[in-house]
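Coordinates from my_file-v6.txt are shown below (compact mmCIF, C-alpha atoms).
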# COMPACT_ATOMS: atom_id res chain seq x y z
CA MET A 1 -65.87 222.28 87.71
CA PHE A 2 -68.12 219.62 89.27
CA LYS A 3 -67.52 217.01 86.57
CA LEU A 4 -65.60 213.89 87.58
CA LYS A 5 -62.18 213.77 85.97
CA HIS A 6 -60.74 211.15 83.65
CA THR A 7 -57.36 209.57 84.33
CA PRO A 8 -54.60 209.77 81.68
CA PHE A 9 -55.42 206.14 80.74
CA HIS A 10 -59.14 206.74 80.15
CA GLU A 11 -58.85 206.52 76.36
CA ARG A 12 -57.68 202.91 76.73
CA THR A 13 -59.60 201.73 79.80
CA SER A 14 -62.99 203.03 78.66
CA LYS A 15 -62.83 201.00 75.45
CA LEU A 16 -61.86 197.75 77.17
CA SER A 17 -64.62 197.54 79.76
CA VAL A 18 -67.56 195.31 78.85
CA PRO A 19 -69.95 196.38 81.66
CA GLN A 20 -68.80 200.03 81.75
CA ASN A 21 -68.78 199.58 85.51
CA TRP A 22 -67.46 202.90 86.80
CA ARG A 23 -66.59 203.95 90.34
CA ARG A 24 -65.61 207.25 91.94
CA TRP A 25 -62.12 207.69 93.32
CA ALA A 26 -60.73 211.03 94.53
CA GLY A 27 -62.70 213.09 92.04
CA HIS A 28 -62.02 210.72 89.12
CA ILE A 29 -63.98 207.93 87.51
CA VAL A 30 -62.18 204.59 87.32
CA LEU A 31 -63.34 201.16 86.28
CA GLY A 32 -64.76 198.81 88.86
CA SER A 33 -64.29 195.91 86.46
CA TYR A 34 -63.56 195.15 82.83
CA ASP A 35 -65.59 191.94 82.71
CA LEU A 36 -69.11 191.03 83.81
CA HIS A 37 -67.58 189.00 86.65
CA LEU A 38 -64.34 189.38 88.60
CA ASP A 39 -62.76 185.93 88.20
CA ARG A 40 -60.39 186.72 85.35
CA GLU A 41 -59.16 189.96 86.88
CA TYR A 42 -58.74 188.48 90.36
CA TRP A 43 -56.79 185.44 89.15
CA ALA A 44 -54.55 187.67 87.03
CA ILE A 45 -53.42 189.25 90.31
CA ARG A 46 -52.82 185.92 92.01
CA ASP A 47 -51.59 183.74 89.11
CA GLY A 48 -50.46 186.01 86.28
CA VAL A 49 -50.10 189.75 85.76
CA ALA A 50 -52.75 192.44 86.24
CA MET A 51 -52.52 196.12 85.27
CA ILE A 52 -54.44 198.62 87.40
CA ASP A 53 -54.88 202.35 86.85
CA VAL A 54 -54.08 204.01 90.20
CA SER A 55 -53.63 207.55 88.90
CA PRO A 56 -56.23 209.14 91.24
CA LEU A 57 -53.84 208.74 94.20
CA MET A 58 -52.95 212.17 95.55
CA LYS A 59 -49.26 212.90 94.92
CA TYR A 60 -47.00 215.54 96.43
CA MET A 61 -43.37 216.38 95.78
CA ILE A 62 -41.60 217.66 98.89
CA ALA A 63 -38.22 219.26 98.25
CA GLY A 64 -35.67 221.33 100.10
CA PRO A 65 -33.26 221.19 103.05
CA ASP A 66 -36.13 220.59 105.50
CA ALA A 67 -38.04 218.02 103.43
CA ALA A 68 -37.05 215.09 105.68
CA ARG A 69 -37.65 217.21 108.78
CA LEU A 70 -41.22 217.98 107.66
CA LEU A 71 -42.16 214.34 107.00
CA HIS A 72 -40.36 213.25 110.19
CA LYS A 73 -42.57 215.69 112.12
CA MET A 74 -45.82 214.91 110.28
CA THR A 75 -45.66 211.10 110.40
CA PRO A 76 -44.76 208.56 113.10
CA ARG A 77 -42.18 206.91 110.81
CA ASP A 78 -38.48 207.61 111.34
CA VAL A 79 -38.12 209.35 107.98
CA LYS A 80 -34.60 210.61 108.67
CA LYS A 81 -33.39 207.00 108.66
CA MET A 82 -34.79 206.34 105.18
CA ALA A 83 -32.13 205.84 102.52
CA VAL A 84 -32.38 207.34 99.05
CA GLY A 85 -34.32 204.83 96.97
CA GLN A 86 -36.38 203.58 99.91
CA VAL A 87 -40.18 203.65 100.19
CA GLY A 88 -42.01 203.72 103.52
CA TYR A 89 -45.68 203.11 104.19
CA THR A 90 -47.13 205.33 106.92
CA GLY A 91 -50.21 206.85 108.42
CA TRP A 92 -50.32 210.32 109.94
CA CYS A 93 -52.31 211.63 112.86
CA ASP A 94 -53.80 214.65 114.55
CA ASP A 95 -52.62 215.78 117.99
CA GLU A 96 -54.85 213.16 119.64
CA GLY A 97 -53.07 210.35 117.80
CA LYS A 98 -56.01 209.60 115.47
CA LEU A 99 -55.44 208.78 111.82
CA LEU A 100 -55.98 211.50 109.23
CA ASP A 101 -54.77 209.51 106.22
CA ASP A 102 -52.23 206.94 105.08
CA GLY A 103 -49.92 206.56 102.11
CA THR A 104 -46.33 206.03 101.03
CA ILE A 105 -43.19 208.15 101.26
CA SER A 106 -40.57 207.63 98.55
CA ARG A 107 -37.14 209.13 99.11
CA LEU A 108 -36.10 210.04 95.58
CA GLY A 109 -33.10 212.15 96.63
CA GLU A 110 -31.37 213.43 99.73
CA ASN A 111 -33.78 216.37 99.88
CA LEU A 112 -36.54 215.13 97.59
CA PHE A 113 -39.55 212.99 98.55
CA ARG A 114 -42.85 211.93 97.00
CA LEU A 115 -45.82 211.46 99.30
CA THR A 116 -49.02 209.72 98.23
CA SER A 117 -52.31 210.02 100.07
CA ALA A 118 -55.96 209.10 99.62
CA GLU A 119 -57.32 212.52 100.60
CA PRO A 120 -56.08 216.02 99.71
CA SER A 121 -53.16 216.71 102.06
CA LEU A 122 -51.66 219.99 100.81
CA ARG A 123 -53.18 222.04 103.64
CA TRP A 124 -51.95 219.67 106.35
CA LEU A 125 -48.47 219.55 104.82
CA SER A 126 -48.35 223.34 104.61
CA MET A 127 -49.53 223.81 108.19
CA ASN A 128 -46.79 221.54 109.49
CA ALA A 129 -44.15 223.18 107.25
CA VAL A 130 -44.43 226.66 108.79
CA GLY A 131 -40.93 228.04 109.34
CA MET A 132 -39.24 225.29 107.32
CA ASP A 133 -37.14 225.62 104.17
CA VAL A 134 -39.23 223.30 102.02
CA THR A 135 -41.29 223.41 98.82
CA ILE A 136 -44.49 221.37 98.54
CA THR A 137 -45.96 220.79 95.08
CA GLU A 138 -49.06 218.78 94.26
CA VAL A 139 -48.48 216.73 91.09
CA THR A 140 -51.60 214.54 91.13
CA GLU A 141 -52.72 215.54 87.63
CA GLN A 142 -49.21 215.68 86.16
CA VAL A 143 -48.14 212.17 87.24
CA ALA A 144 -49.93 209.07 85.95
CA ALA A 145 -49.58 205.80 87.84
CA LEU A 146 -50.04 202.15 86.93
CA SER A 147 -49.91 199.19 89.29
CA LEU A 148 -48.56 196.00 87.75
CA GLN A 149 -49.35 193.13 90.11
CA GLY A 150 -48.94 189.37 90.08
CA PRO A 151 -46.26 186.65 89.95
CA LYS A 152 -45.38 187.48 86.32
CA SER A 153 -45.19 191.27 86.76
CA ARG A 154 -41.40 191.36 86.99
CA THR A 155 -41.00 189.25 83.86
CA VAL A 156 -43.20 191.60 81.84
CA LEU A 157 -41.46 194.72 83.14
CA ASN A 158 -38.04 193.32 82.28
CA LEU A 159 -39.13 193.01 78.64
CA VAL A 160 -39.77 196.76 78.26
CA CYS A 161 -37.43 198.45 80.75
CA ASP A 162 -33.86 199.54 80.08
CA LYS A 163 -32.70 198.37 83.52
CA THR A 164 -33.58 194.98 84.95
CA LEU A 165 -35.95 194.83 87.91
CA ASP A 166 -34.34 191.65 89.26
CA LYS A 167 -32.45 193.40 92.03
CA LEU A 168 -35.09 195.95 93.06
CA LYS A 169 -35.97 195.00 96.62
CA TYR A 170 -39.34 195.13 98.34
CA PHE A 171 -40.37 198.74 99.13
CA ARG A 172 -37.54 200.24 97.07
CA VAL A 173 -37.77 202.62 94.12
CA MET A 174 -35.65 203.20 91.03
CA GLN A 175 -35.42 205.45 87.99
CA ASN A 176 -35.78 203.63 84.69
CA LYS A 177 -36.94 203.92 81.11
CA LEU A 178 -39.94 201.97 79.88
CA ALA A 179 -40.25 201.70 76.10
CA GLY A 180 -38.08 204.81 75.88
CA LYS A 181 -40.07 206.91 78.35
CA PRO A 182 -38.63 207.98 81.73
CA VAL A 183 -40.44 206.35 84.64
CA THR A 184 -40.01 205.77 88.33
CA ILE A 185 -40.77 202.20 89.43
CA SER A 186 -41.43 201.23 93.04
CA ARG A 187 -41.80 197.68 94.28
CA THR A 188 -45.07 198.39 96.02
CA GLY A 189 -48.76 197.65 95.58
CA TYR A 190 -52.14 197.12 97.19
CA THR A 191 -52.66 193.41 96.52
CA GLY A 192 -50.22 191.59 98.80
CA ASP A 193 -48.56 189.89 95.83
CA LEU A 194 -45.39 190.48 93.85
CA GLY A 195 -45.99 193.84 92.26
CA TYR A 196 -44.74 197.21 91.11
CA GLU A 197 -46.10 200.72 90.72
CA ILE A 198 -44.99 202.75 87.71
CA TRP A 199 -44.98 206.55 87.92
CA MET A 200 -44.72 208.62 84.73
CA ASP A 201 -45.51 211.92 83.13
CA ALA A 202 -49.21 212.00 82.27
CA GLY A 203 -48.33 212.72 78.63
CA ASP A 204 -46.51 209.37 78.39
CA ALA A 205 -49.37 207.35 79.90
CA LEU A 206 -50.85 205.84 76.74
CA HIS A 207 -47.41 204.96 75.34
CA VAL A 208 -46.52 203.12 78.55
CA TRP A 209 -49.93 201.36 78.66
CA ASP A 210 -49.55 200.13 75.08
CA ALA A 211 -45.99 198.93 75.64
CA LEU A 212 -46.98 196.92 78.73
CA MET A 213 -50.03 195.41 77.04
CA ALA A 214 -47.90 194.32 74.08
CA ALA A 215 -45.11 192.90 76.26
CA GLY A 216 -47.59 191.13 78.54
CA HIS A 217 -49.64 189.54 75.77
CA ASP A 218 -47.81 186.20 75.90
CA TYR A 219 -48.14 186.20 79.70
CA GLY A 220 -51.88 186.76 79.74
CA ILE A 221 -51.79 190.35 81.01
CA VAL A 222 -55.24 191.51 82.13
CA PRO A 223 -56.43 195.08 82.79
CA CYS A 224 -57.90 194.97 86.26
CA GLY A 225 -60.46 197.18 88.01
CA ILE A 226 -60.69 198.24 91.63
CA LEU A 227 -63.26 195.57 92.59
CA ALA A 228 -60.87 192.65 92.04
CA MET A 229 -58.12 194.68 93.72
CA ASP A 230 -60.52 195.11 96.67
CA MET A 231 -60.72 191.34 97.15
CA ALA A 232 -56.94 191.01 96.97
CA ARG A 233 -56.26 193.80 99.45
CA VAL A 234 -58.54 192.17 102.06
CA GLU A 235 -56.60 188.91 101.66
CA ALA A 236 -53.44 190.97 102.18
CA GLY A 237 -54.89 192.57 105.32
CA LEU A 238 -54.73 196.08 103.86
CA PHE A 239 -57.32 198.62 104.99
CA MET A 240 -58.97 201.49 103.11
CA ILE A 241 -59.89 204.98 104.22
CA ASP A 242 -63.64 205.72 104.40
CA VAL A 243 -64.25 201.96 104.45
CA ASP A 244 -62.16 200.47 107.25
CA TYR A 245 -61.46 203.70 109.09
CA THR A 246 -62.72 207.28 109.09
CA ALA A 247 -60.28 210.17 108.80
CA ALA A 248 -60.20 212.01 112.13
CA ASN A 249 -61.02 215.33 110.45
CA HIS A 250 -64.13 213.78 108.83
CA ALA A 251 -65.43 211.93 111.90
CA TRP A 252 -68.64 213.17 113.50
CA ILE A 253 -67.95 211.63 116.91
CA GLU A 254 -64.91 210.38 118.82
CA GLY A 255 -66.00 206.77 118.41
CA GLN A 256 -65.51 207.00 114.65
CA LYS A 257 -61.80 207.79 114.98
CA SER A 258 -58.97 205.24 114.95
CA SER A 259 -55.32 205.38 115.93
CA PRO A 260 -52.54 203.70 113.93
CA LEU A 261 -52.01 201.34 116.88
CA GLU A 262 -55.67 200.31 116.74
CA MET A 263 -55.31 199.74 112.99
CA GLY A 264 -52.40 197.34 113.47
CA LEU A 265 -49.69 199.79 112.42
CA ASP A 266 -47.54 199.29 115.52
CA TRP A 267 -44.61 198.47 113.23
CA ALA A 268 -44.97 201.86 111.49
CA VAL A 269 -45.00 203.93 114.71
CA ALA A 270 -41.45 204.71 115.81
CA LEU A 271 -41.92 205.82 119.41
CA ASP A 272 -38.15 205.60 119.88
CA LYS A 273 -37.35 208.19 117.22
CA PRO A 274 -35.92 211.50 118.51
CA GLY A 275 -37.95 214.70 118.62
CA TYR A 276 -41.59 215.64 118.39
CA PHE A 277 -44.05 214.28 115.87
CA VAL A 278 -47.76 215.02 115.61
CA GLY A 279 -49.72 212.75 117.96
CA ARG A 280 -46.66 211.46 119.81
CA ARG A 281 -47.91 211.95 123.38
CA ALA A 282 -51.27 210.32 122.67
CA LEU A 283 -49.63 207.33 120.97
CA GLU A 284 -47.14 206.90 123.80
CA ARG A 285 -50.02 206.86 126.26
CA GLU A 286 -51.95 204.32 124.20
CA HIS A 287 -48.82 202.18 123.87
CA ARG A 288 -48.48 202.12 127.67
CA GLU A 289 -52.13 201.47 128.44
CA GLY A 290 -53.00 199.22 125.50
CA SER A 291 -55.47 199.81 122.69
CA ALA A 292 -59.21 199.63 123.31
CA TRP A 293 -59.73 198.30 119.75
CA LYS A 294 -57.69 196.38 117.21
CA LEU A 295 -58.07 195.71 113.50
CA MET A 296 -57.76 191.95 113.05
CA GLY A 297 -58.67 189.22 110.61
CA PHE A 298 -61.66 186.93 110.99
CA GLU A 299 -62.16 183.53 109.36
CA VAL A 300 -65.67 182.10 109.24
CA ASP A 301 -66.06 178.36 109.85
CA TRP A 302 -67.43 176.82 106.66
CA GLU A 303 -69.17 174.02 108.54
CA GLY A 304 -70.86 176.64 110.69
CA MET A 305 -72.06 178.46 107.57
CA GLU A 306 -73.43 175.20 106.16
CA ALA A 307 -75.38 174.59 109.37
CA LEU A 308 -77.09 177.98 109.03
CA PHE A 309 -78.12 177.53 105.41
CA ALA A 310 -79.05 173.82 105.53
CA PRO A 311 -82.49 174.34 107.20
CA VAL A 312 -83.64 176.42 104.20
CA GLY A 313 -82.19 173.95 101.69
CA LEU A 314 -79.36 176.11 100.42
CA PRO A 315 -75.57 175.89 100.34
CA PRO A 316 -73.76 178.84 101.96
CA GLN A 317 -74.20 182.03 99.98
CA VAL A 318 -71.03 184.11 99.77
CA PRO A 319 -70.55 187.51 98.10
CA ALA A 320 -69.07 187.62 94.60
CA MET A 321 -67.03 190.68 95.51
CA ALA A 322 -65.73 192.42 98.62
CA VAL A 323 -68.53 193.89 100.73
CA ARG A 324 -67.73 197.33 102.11
CA GLY A 325 -70.27 197.32 104.89
CA SER A 326 -70.52 196.98 108.65
CA LEU A 327 -71.47 193.54 110.02
CA PRO A 328 -71.83 192.94 113.78
CA LEU A 329 -69.30 190.67 115.51
CA MET A 330 -70.72 188.82 118.51
CA HIS A 331 -69.53 187.01 121.64
CA GLU A 332 -72.15 185.05 123.58
CA GLY A 333 -74.95 187.31 122.41
CA LYS A 334 -73.08 190.56 123.02
CA GLN A 335 -71.65 192.71 120.22
CA VAL A 336 -67.90 193.16 120.68
CA GLY A 337 -66.94 194.51 117.28
CA TYR A 338 -67.79 194.69 113.62
CA ALA A 339 -66.50 193.73 110.19
CA SER A 340 -65.75 196.68 107.91
CA THR A 341 -64.90 194.70 104.75
CA SER A 342 -65.68 191.05 104.08
CA THR A 343 -65.12 188.83 101.05
CA TRP A 344 -64.90 185.30 99.78
CA SER A 345 -61.23 184.50 99.19
CA PRO A 346 -60.88 182.45 95.99
CA VAL A 347 -57.25 181.54 96.66
CA LEU A 348 -57.84 180.46 100.27
CA LYS A 349 -61.37 179.10 99.76
CA LYS A 350 -62.51 180.90 102.90
CA TYR A 351 -64.99 183.59 103.88
CA ILE A 352 -62.84 186.27 105.53
CA ALA A 353 -63.24 189.77 106.95
CA LEU A 354 -61.32 192.72 108.31
CA VAL A 355 -62.79 193.24 111.77
CA HIS A 356 -62.54 195.87 114.51
CA VAL A 357 -62.63 194.11 117.87
CA GLN A 358 -62.83 195.44 121.41
CA ARG A 359 -60.36 194.43 124.10
CA PRO A 360 -59.98 191.66 125.29
CA TYR A 361 -61.65 189.85 122.39
CA TYR A 362 -59.03 190.70 119.76
CA ALA A 363 -56.54 188.04 120.84
CA PRO A 364 -55.80 185.64 117.94
CA GLY A 365 -57.79 182.45 118.28
CA THR A 366 -60.73 184.06 120.09
CA ARG A 367 -64.00 182.43 119.03
CA LEU A 368 -66.63 184.96 117.88
CA SER A 369 -69.50 184.98 115.38
CA LEU A 370 -70.21 187.22 112.39
CA GLU A 371 -73.64 188.29 111.22
CA VAL A 372 -74.81 186.65 107.98
CA THR A 373 -78.14 186.90 106.22
CA VAL A 374 -79.94 183.63 105.48
CA GLU A 375 -83.10 184.10 103.46
CA HIS A 376 -83.77 187.54 104.97
CA LYS A 377 -82.97 186.45 108.52
CA ARG A 378 -80.02 187.81 110.51
CA LEU A 379 -78.03 184.88 111.90
CA HIS A 380 -74.49 184.49 113.22
CA ALA A 381 -71.79 182.32 111.70
CA PRO A 382 -69.04 181.05 114.03
CA GLY A 383 -65.39 181.77 113.37
CA LYS A 384 -62.14 182.91 114.93
CA VAL A 385 -59.97 186.00 115.18
CA VAL A 386 -56.69 185.65 113.26
CA LYS A 387 -53.58 187.70 112.62
CA LEU A 388 -53.22 189.62 109.36
CA PRO A 389 -52.47 189.10 106.55
CA PHE A 390 -54.62 186.18 105.49
CA TYR A 391 -52.47 185.56 102.41
CA GLU A 392 -48.80 186.32 101.72
CA PRO A 393 -47.12 184.31 98.95
CA GLU A 394 -43.46 183.46 99.32
CA TRP A 395 -42.57 185.29 96.10
CA LYS A 396 -43.97 188.63 97.31
CA LYS A 397 -40.66 189.82 98.78
CA LYS A 398 -38.22 187.65 96.79
Any chance you could give the structure as structure tokens?
Amino acid sequence: MFKLKHTPFHERTSKLSVPQNWRRWAGHIVLGSYDLHLDREYWAIRDGVAMIDVSPLMKYMIAGPDAARLLHKMTPRDVKKMAVGQVGYTGWCDDEGKLLDDGTISRLGENLFRLTSAEPSLRWLSMNAVGMDVTITEVTEQVAALSLQGPKSRTVLNLVCDKTLDKLKYFRVMQNKLAGKPVTISRTGYTGDLGYEIWMDAGDALHVWDALMAAGHDYGIVPCGILAMDMARVEAGLFMIDVDYTAANHAWIEGQKSSPLEMGLDWAVALDKPGYFVGRRALEREHREGSAWKLMGFEVDWEGMEALFAPVGLPPQVPAMAVRGSLPLMHEGKQVGYASTSTWSPVLKKYIALVHVQRPYYAPGTRLSLEVTVEHKRLHAPGKVVKLPFYEPEWKKK
């Protein structure tokens, strides 16, 4: 019972990885990378088509006359306004307005929704559903999921799907058949590029994998691990639980908790929607008074990095993958925040970071400095606070 689980694609993925570089994800083992370096996988996301196994996502089917009412109560999104076929990204909070988790809501029917989450959410769903006419079913193990990301992802999908993907809009979902197997395809992803997520019965997983690999061969399709996806999601300004924020029910102290407004999710908090939702009063108060912290982007000045490394005779040293670690953020010798994930951006040719900054230093354009290590010495590289995302190609929503 304590053994890590395999995803439905393990028979394929395990044979394709050269370094056998495995990572834990929600009780499963998934590949960190397929190659000894991340270049090929990263550039498949940005220039071609990458296929990522995202099956460990927690998945729940919520059905019944009160399905919309439950999600409307549990999340700050205005779920009742969602049309059938629409997908909504959301976080959800405790009564103090602090994030418990985040994920997507897909409205598959008038009274049928699919919710994804990073952490197990069945208990929280059930607690909020007391007295409602709704059925909640966890389908994490029954539903396999693939993320097909990159500028050529639509072209490859159109080769194997019965219905064209040309008219599927951003954050919409459709029923389809892929190589004869029933699938649900959403125009979503975790890379900030053109991309789709394909949801299928776990028993059809290998058939769908093989069909996509065959169709994508002429387009240079590349199986991609979570390490290259990590670099892409930072460029896209997308945060990760247990890395960029701590779930409120896992935090040891108040200072470890974050609200959706602090995490930059103002657009996903509908304070004008009717009725109660969990955390509403706390979020209304924070909206009035302003947030003490904000998640922002930070761009390091390359010339400033060069000036730090030049005295030891080295060019700037940048990480070869995203660094999930806290780095102090300074203003005139005083710490005013920290980076939670930092990475070299190959497409932007910049050293960037997701940073948590105290008021008033989170205004875009504010000059701060980020800790870097130069030959075992802790120094500070200058840079500026910027809005997220760092990178958003024009074809992402077209």
Query - Selected residue of minimal separation from Gly27 of chain A among A:Tyr42, A:Phe9, A:Trp302, A:Phe2, counting all atoms listed in the file - result: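 Smallest separation from Gly27 of chain A among the options: A:Phe2.
Each of A:Thr191, A:Ser153, A:Thr343, A:Thr366 was compared to His331 of chain A using only C-alpha atoms, and A:Thr366 turns out to be the nearest.
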Query raised in the report: Of the residues A:Asp193, A:Asp242, A:Asp78, A:Asp53, which is the one nearest to Val208 of chain A, using all atoms listed in the file?
Result: A:Asp53
Query raised in the report: Rounded to one decimal in Å, what is the spacing between atom CA of Trp124 of chain A and atom CA of Val54 of chain A?
Result: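 About the pair atom CA of Trp124 of chain A and atom CA of Val54 of chain A: they are 22.6 Å apart.
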Report task. In the coordinate frame of the file, compute which residues have an atom within 12 Å of (-35.1, 208.2, 106.5) when using only C-alpha atoms, and state them as a count of residues only. Result -> 33
Query - Spatial neighbours of Arg280 of chain A, max dist 8 Å, all atoms listed in the file, sep filter under 3 positions, as a PyMOL selection string - result: chain A and resi 76+95+97+271+276-277+283-284
Query raised in the report: Nearest to Glu286 of chain A among A:Glu254, A:Glu371, A:Glu392, A:Glu262, with distances taken over all atoms listed in the file: which residue is it?
Result: A:Glu262
Query raised in the report: Taking all atoms listed in the file into account, which of A:Met231, A:Met263, A:Ala251, A:Ala282 comes nearest Leu348 of chain A?
Result: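 Of A:Met231, A:Met263, A:Ala251, A:Ala282, the one nearest Leu348 of chain A is A:Met231, counting all atoms listed in the file.
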Query raised in the report: Do you have the atom CA of Trp293 of chain A-atom CA of His356 of chain A distance handy?
Result: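 Between atom CA of Trp293 of chain A and atom CA of His356 of chain A the gap works out to 6.4 Å.
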Generate the missing atoms of segment 363-387 of chain A up to N, CA and C atoms and report them as a short mmCIF file (atom, residue, chain, number, x, y, z; two decimals), in the frame of the given file.
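Result saved to out.cif:
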data_model
loop_
_atom_site.label_atom_id
_atom_site.label_comp_id
_atom_site.auth_asym_id
_atom_site.auth_seq_id
_atom_site.Cartn_x
_atom_site.Cartn_y
_atom_site.Cartn_z
N ALA A 363 -57.65 189.00 120.82
CA ALA A 363 -56.54 188.04 120.84
C ALA A 363 -56.72 186.98 119.76
N PRO A 364 -55.68 186.68 118.98
CA PRO A 364 -55.80 185.64 117.94
C PRO A 364 -56.30 184.33 118.53
N GLY A 365 -57.21 183.70 117.82
CA GLY A 365 -57.79 182.45 118.28
C GLY A 365 -59.10 182.60 119.01
N THR A 366 -59.47 183.83 119.38
CA THR A 366 -60.73 184.06 120.09
C THR A 366 -61.92 183.67 119.21
N ARG A 367 -62.82 182.90 119.76
CA ARG A 367 -64.00 182.43 119.03
C ARG A 367 -65.11 183.49 119.12
N LEU A 368 -65.54 183.98 117.97
CA LEU A 368 -66.63 184.96 117.88
C LEU A 368 -67.56 184.52 116.75
N SER A 369 -68.61 185.30 116.50
CA SER A 369 -69.50 184.98 115.38
C SER A 369 -69.83 186.25 114.62
N LEU A 370 -69.98 186.10 113.31
CA LEU A 370 -70.21 187.22 112.39
C LEU A 370 -71.62 187.14 111.83
N GLU A 371 -72.27 188.28 111.75
CA GLU A 371 -73.64 188.29 111.22
C GLU A 371 -73.65 187.92 109.73
N VAL A 372 -74.55 187.01 109.37
CA VAL A 372 -74.81 186.65 107.98
C VAL A 372 -76.32 186.67 107.77
N THR A 373 -76.72 186.87 106.54
CA THR A 373 -78.14 186.90 106.22
C THR A 373 -78.51 185.61 105.50
N VAL A 374 -79.47 184.88 106.06
CA VAL A 374 -79.94 183.63 105.48
C VAL A 374 -81.42 183.79 105.16
N GLU A 375 -81.71 183.92 103.89
CA GLU A 375 -83.10 184.10 103.46
C GLU A 375 -83.82 185.17 104.30
N HIS A 376 -83.21 186.34 104.33
CA HIS A 376 -83.77 187.54 104.97
C HIS A 376 -83.74 187.51 106.49
N LYS A 377 -83.09 186.52 107.07
CA LYS A 377 -82.97 186.45 108.52
C LYS A 377 -81.53 186.72 108.93
N ARG A 378 -81.35 187.51 109.98
CA ARG A 378 -80.02 187.81 110.51
C ARG A 378 -79.60 186.71 111.48
N LEU A 379 -78.57 185.96 111.07
CA LEU A 379 -78.03 184.88 111.90
C LEU A 379 -76.55 185.15 112.14
N HIS A 380 -75.90 184.26 112.88
CA HIS A 380 -74.49 184.49 113.22
C HIS A 380 -73.67 183.25 112.95
N ALA A 381 -72.66 183.42 112.08
CA ALA A 381 -71.79 182.32 111.70
C ALA A 381 -70.56 182.29 112.60
N PRO A 382 -70.20 181.12 113.15
CA PRO A 382 -69.04 181.05 114.03
C PRO A 382 -67.73 181.19 113.26
N GLY A 383 -66.72 181.63 113.97
CA GLY A 383 -65.39 181.77 113.37
C GLY A 383 -64.39 182.18 114.43
N LYS A 384 -63.19 182.55 113.98
CA LYS A 384 -62.14 182.91 114.93
C LYS A 384 -61.36 184.13 114.46
N VAL A 385 -60.84 184.86 115.43
CA VAL A 385 -59.97 186.00 115.18
C VAL A 385 -58.59 185.49 114.78
N VAL A 386 -58.02 186.08 113.73
CA VAL A 386 -56.69 185.65 113.26
C VAL A 386 -55.83 186.88 113.00
N LYS A 387 -54.52 186.65 112.97
CA LYS A 387 -53.58 187.70 112.62
C LYS A 387 -53.67 188.01 111.12
#
